[in-house]
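Let me begin by presenting the structure, written as structure tokens, before commenting on it.
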Amino acid sequence: MEAAGAGSPPSQPPAPHPAVAPLAFLLGKWRGEGEGSFPTISSFRYGEELLFSHHPSKPVISYTQKTWKAASGEPMHAESGYWRLRPDGSVEVVIAQSTGLAEVQKGSYDAEKKTVTLQSELVGNASKVKQITRAFQVSDGELSYVVQMATITTSLQPHLKALLKKI
């Protein structure tokens with residue numbers, strides 16, 4: 001006896017909520033490597049996994065991120081949050097980091113160029129960090145990003161960059 005559904009074509013995932021559709025290029029699991037630096041720390045390399053997930057009935061994207069030391073695999077940083085598109089064409093992102101820091105970011109996106117640019121509106125529970133920017137781009141099936149940071153002693157400058165592939 002054949003199993004139910006055997007021989008039928010695989011089903012496509014449901015279409016995203018219309019409010020999320022312009023950022024559908026981010027959806028999925030991404031994995032790769034990055035590097036970090038800042039004037040007050042030693043440079044480092046890391047592995048990373050990002051997950052942008054979505055339920056078609058909700059106008060929001062869930063976001064989780066985890067990193068590990070490239071050489072040893074030891075866990076490093078983790079964060080999670082939500083991305084939502086606004087009626088005015090902007091994007092809002094709320095992120096909670098494993099360090100206790102919380103970010104509220106606002107920015108813009110270009111669905112055709114597959115880019116998102118974010119600027120912190122609020123960096124909460126941070127004694128030293130004053131500003132964070134994030135720029136994402138998907139090109140040729142790869143997701144790249146650059147995170148810049150400013151602290152009470154250092155002006156805004158690159159802190160993290162990574163290149164990830166969809167898995």
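Please note that chains go A, B, ... in the order of the structure tokens, that every chain numbers its residues from 1, and that ligands are numbered from 1 in the order shown.
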
As a PyMOL selection string, please: the residues near A:Thr115 (cut-off 7 Å, only C-alpha atoms, same-chain neighbours under 3 positions excluded). chain A and resi 109-111+136-138

Each residue of stretch 19-100 of chain A lying at most 8 Å from stretch 148-163 of chain A should get a row with its shortest atom-to-atom pair and the distance in Å to one decimal, counting only C-alpha atoms; could you produce that, ordered by chain and increasing number, as a tab-separated table?
residue	atom	partner	partner_atom	distance
A:Gly32	CA	A:Leu163	CA	5.8
A:Glu33	CA	A:Ala162	CA	5.6
A:Gly34	CA	A:Ala162	CA	3.8
A:Glu35	CA	A:Lys161	CA	5.7
A:Gly36	CA	A:Leu160	CA	4.4
A:Ser37	CA	A:His159	CA	5.1
A:Phe38	CA	A:His159	CA	5.5
A:Pro39	CA	A:Thr154	CA	7.9

Give me, please, the distance in Å between atom CA of A:Gln119 and atom CA of A:Gln131, quoted to one decimal.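 One can read the atom CA of A:Gln119 to atom CA of A:Gln131 distance as 7.8 Å.
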
Name the residues of chain A that come out as strand (DSSP E or B) in a backbone DSSP run; write them as a ChimeraX atom specification. /A:28-38,41-53,61-69,75-85,90-97,102-110,115-124,129-139,142-151,157-166

Save out the residues we just selected, C-alpha atoms, as a JSON list (two decimals), in the first residue's frame.
[["chain", "number", "residue", "atom", "x", "y", "z"],
["A", 28, "GLY", "CA", 15.29, 31.08, 5.84],
["A", 29, "LYS", "CA", 18.33, 29.81, 7.67],
["A", 30, "TRP", "CA", 21.75, 31.29, 6.82],
["A", 31, "ARG", "CA", 25.16, 30.03, 7.94],
["A", 32, "GLY", "CA", 28.68, 31.29, 7.42],
["A", 33, "GLU", "CA", 31.64, 33.09, 8.91],
["A", 34, "GLY", "CA", 32.46, 36.58, 10.03],
["A", 35, "GLU", "CA", 35.10, 38.71, 11.61],
["A", 36, "GLY", "CA", 35.00, 41.31, 14.31],
["A", 37, "SER", "CA", 37.21, 44.16, 15.39],
["A", 38, "PHE", "CA", 37.07, 47.38, 17.37],
["A", 41, "ILE", "CA", 39.34, 44.61, 21.57],
["A", 42, "SER", "CA", 41.47, 42.07, 19.71],
["A", 43, "SER", "CA", 40.22, 41.07, 16.26],
["A", 44, "PHE", "CA", 38.41, 37.72, 16.05],
["A", 45, "ARG", "CA", 36.77, 35.29, 13.62],
["A", 46, "TYR", "CA", 33.47, 33.56, 14.23],
["A", 47, "GLY", "CA", 30.95, 31.14, 12.76],
["A", 48, "GLU", "CA", 27.35, 32.26, 12.62],
["A", 49, "GLU", "CA", 23.81, 31.10, 11.99],
["A", 50, "LEU", "CA", 20.88, 33.45, 11.35],
["A", 51, "LEU", "CA", 17.25, 32.41, 11.10],
["A", 52, "PHE", "CA", 14.57, 34.68, 9.66],
["A", 53, "SER", "CA", 11.24, 32.89, 10.12],
["A", 61, "ILE", "CA", 9.52, 38.24, 10.88],
["A", 62, "SER", "CA", 11.11, 36.45, 13.83],
["A", 63, "TYR", "CA", 14.90, 36.70, 13.99],
["A", 64, "THR", "CA", 17.46, 34.61, 15.87],
["A", 65, "GLN", "CA", 21.23, 34.70, 15.67],
["A", 66, "LYS", "CA", 24.00, 32.69, 17.29],
["A", 67, "THR", "CA", 27.76, 32.77, 16.90],
["A", 68, "TRP", "CA", 30.66, 30.57, 17.94],
["A", 69, "LYS", "CA", 34.44, 30.85, 17.94],
["A", 75, "PRO", "CA", 29.51, 29.52, 21.84],
["A", 76, "MET", "CA", 29.93, 33.30, 21.74],
["A", 77, "HIS", "CA", 27.02, 35.69, 21.20],
["A", 78, "ALA", "CA", 23.28, 35.22, 20.66],
["A", 79, "GLU", "CA", 20.38, 37.57, 20.00],
["A", 80, "SER", "CA", 16.76, 37.41, 18.94],
["A", 81, "GLY", "CA", 13.98, 39.75, 17.98],
["A", 82, "TYR", "CA", 11.35, 40.82, 15.50],
["A", 83, "TRP", "CA", 11.32, 42.73, 12.22],
["A", 84, "ARG", "CA", 8.21, 44.49, 10.94],
["A", 85, "LEU", "CA", 7.52, 46.68, 7.97],
["A", 90, "SER", "CA", 10.26, 51.84, 6.77],
["A", 91, "VAL", "CA", 11.31, 48.81, 8.81],
["A", 92, "GLU", "CA", 11.46, 48.51, 12.61],
["A", 93, "VAL", "CA", 13.59, 45.93, 14.39],
["A", 94, "VAL", "CA", 13.66, 45.02, 18.08],
["A", 95, "ILE", "CA", 16.60, 42.89, 19.26],
["A", 96, "ALA", "CA", 17.50, 41.46, 22.67],
["A", 97, "GLN", "CA", 21.13, 40.37, 23.02],
["A", 102, "ALA", "CA", 18.42, 45.73, 23.88],
["A", 103, "GLU", "CA", 18.15, 47.55, 20.55],
["A", 104, "VAL", "CA", 15.32, 49.32, 18.80],
["A", 105, "GLN", "CA", 16.33, 50.06, 15.22],
["A", 106, "LYS", "CA", 14.59, 51.78, 12.36],
["A", 107, "GLY", "CA", 15.59, 51.95, 8.76],
["A", 108, "SER", "CA", 14.84, 51.37, 5.13],
["A", 109, "TYR", "CA", 14.80, 48.50, 2.68],
["A", 110, "ASP", "CA", 14.96, 48.04, -1.07],
["A", 115, "THR", "CA", 19.06, 45.51, 1.01],
["A", 116, "VAL", "CA", 18.13, 46.62, 4.52],
["A", 117, "THR", "CA", 19.80, 49.51, 6.36],
["A", 118, "LEU", "CA", 19.12, 50.04, 10.08],
["A", 119, "GLN", "CA", 20.05, 52.75, 12.60],
["A", 120, "SER", "CA", 19.58, 52.45, 16.36],
["A", 121, "GLU", "CA", 16.84, 54.58, 17.85],
["A", 122, "LEU", "CA", 17.49, 53.17, 21.31],
["A", 123, "VAL", "CA", 20.29, 51.09, 22.81],
["A", 124, "GLY", "CA", 19.00, 50.03, 26.21],
["A", 129, "VAL", "CA", 27.41, 51.38, 23.64],
["A", 130, "LYS", "CA", 25.74, 54.52, 22.28],
["A", 131, "GLN", "CA", 24.88, 53.71, 18.66],
["A", 132, "ILE", "CA", 24.61, 50.66, 16.38],
["A", 133, "THR", "CA", 23.98, 50.47, 12.63],
["A", 134, "ARG", "CA", 23.34, 47.32, 10.60],
["A", 135, "ALA", "CA", 23.40, 46.96, 6.81],
["A", 136, "PHE", "CA", 22.26, 43.71, 5.14],
["A", 137, "GLN", "CA", 22.41, 42.66, 1.50],
["A", 138, "VAL", "CA", 21.47, 39.48, -0.34],
["A", 139, "SER", "CA", 23.33, 38.95, -3.60],
["A", 142, "GLU", "CA", 24.62, 35.05, -0.14],
["A", 143, "LEU", "CA", 23.68, 37.28, 2.78],
["A", 144, "SER", "CA", 26.30, 39.79, 3.86],
["A", 145, "TYR", "CA", 26.13, 42.35, 6.61],
["A", 146, "VAL", "CA", 28.17, 45.04, 8.33],
["A", 147, "VAL", "CA", 27.53, 46.18, 11.90],
["A", 148, "GLN", "CA", 28.98, 49.49, 13.05],
["A", 149, "MET", "CA", 29.12, 50.63, 16.64],
["A", 150, "ALA", "CA", 29.86, 53.76, 18.66],
["A", 151, "THR", "CA", 30.70, 53.80, 22.36],
["A", 157, "GLN", "CA", 33.02, 52.52, 13.03],
["A", 158, "PRO", "CA", 32.91, 48.94, 11.68],
["A", 159, "HIS", "CA", 32.64, 46.24, 14.33],
["A", 160, "LEU", "CA", 31.35, 43.07, 12.60],
["A", 161, "LYS", "CA", 31.04, 41.76, 9.06],
["A", 162, "ALA", "CA", 29.96, 38.37, 7.79],
["A", 163, "LEU", "CA", 29.08, 36.39, 4.69],
["A", 164, "LEU", "CA", 26.43, 33.67, 5.00],
["A", 165, "LYS", "CA", 24.83, 31.14, 2.65],
["A", 166, "LYS", "CA", 21.29, 29.82, 2.82]]

Pairwise distance for atom CA of A:Val60 and atom CA of A:Pro14, rounded to one decimal in Å: 14.8 Å

Which of stretch 1-162 of chain A DSSP labels helix (DSSP H, G or I), written as a list of chain:residue names: A:Ala21, A:Pro22, A:Leu23, A:Ala24, A:Phe25, A:Leu26

Compare A:Asp88, A:Glu74, A:Lys114, A:Ser127 by their minimum atom-to-atom distance to A:Ala21, counting only C-alpha atoms, and give me the closest one.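 Using only C-alpha atoms, A:Ala21 sits closest to A:Lys114.
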
What's around A:Pro18 at 12 Å? Count only C-alpha atoms, leave out sequence neighbours fewer than 2 positions away in its own chain, and write the answer as a list of chain:residue names.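 Once the adjacent positions are removed, what remains is A:Pro14, A:Ala15, A:Pro16, A:Val20, A:Ala21, A:Pro22, A:Leu23, A:Ala24, A:His54, A:His55, A:Pro56, A:Ser57, A:Lys58, A:Pro59, A:Val60, A:Ile61, A:Arg84, A:Leu85, A:Arg86, A:Pro87.
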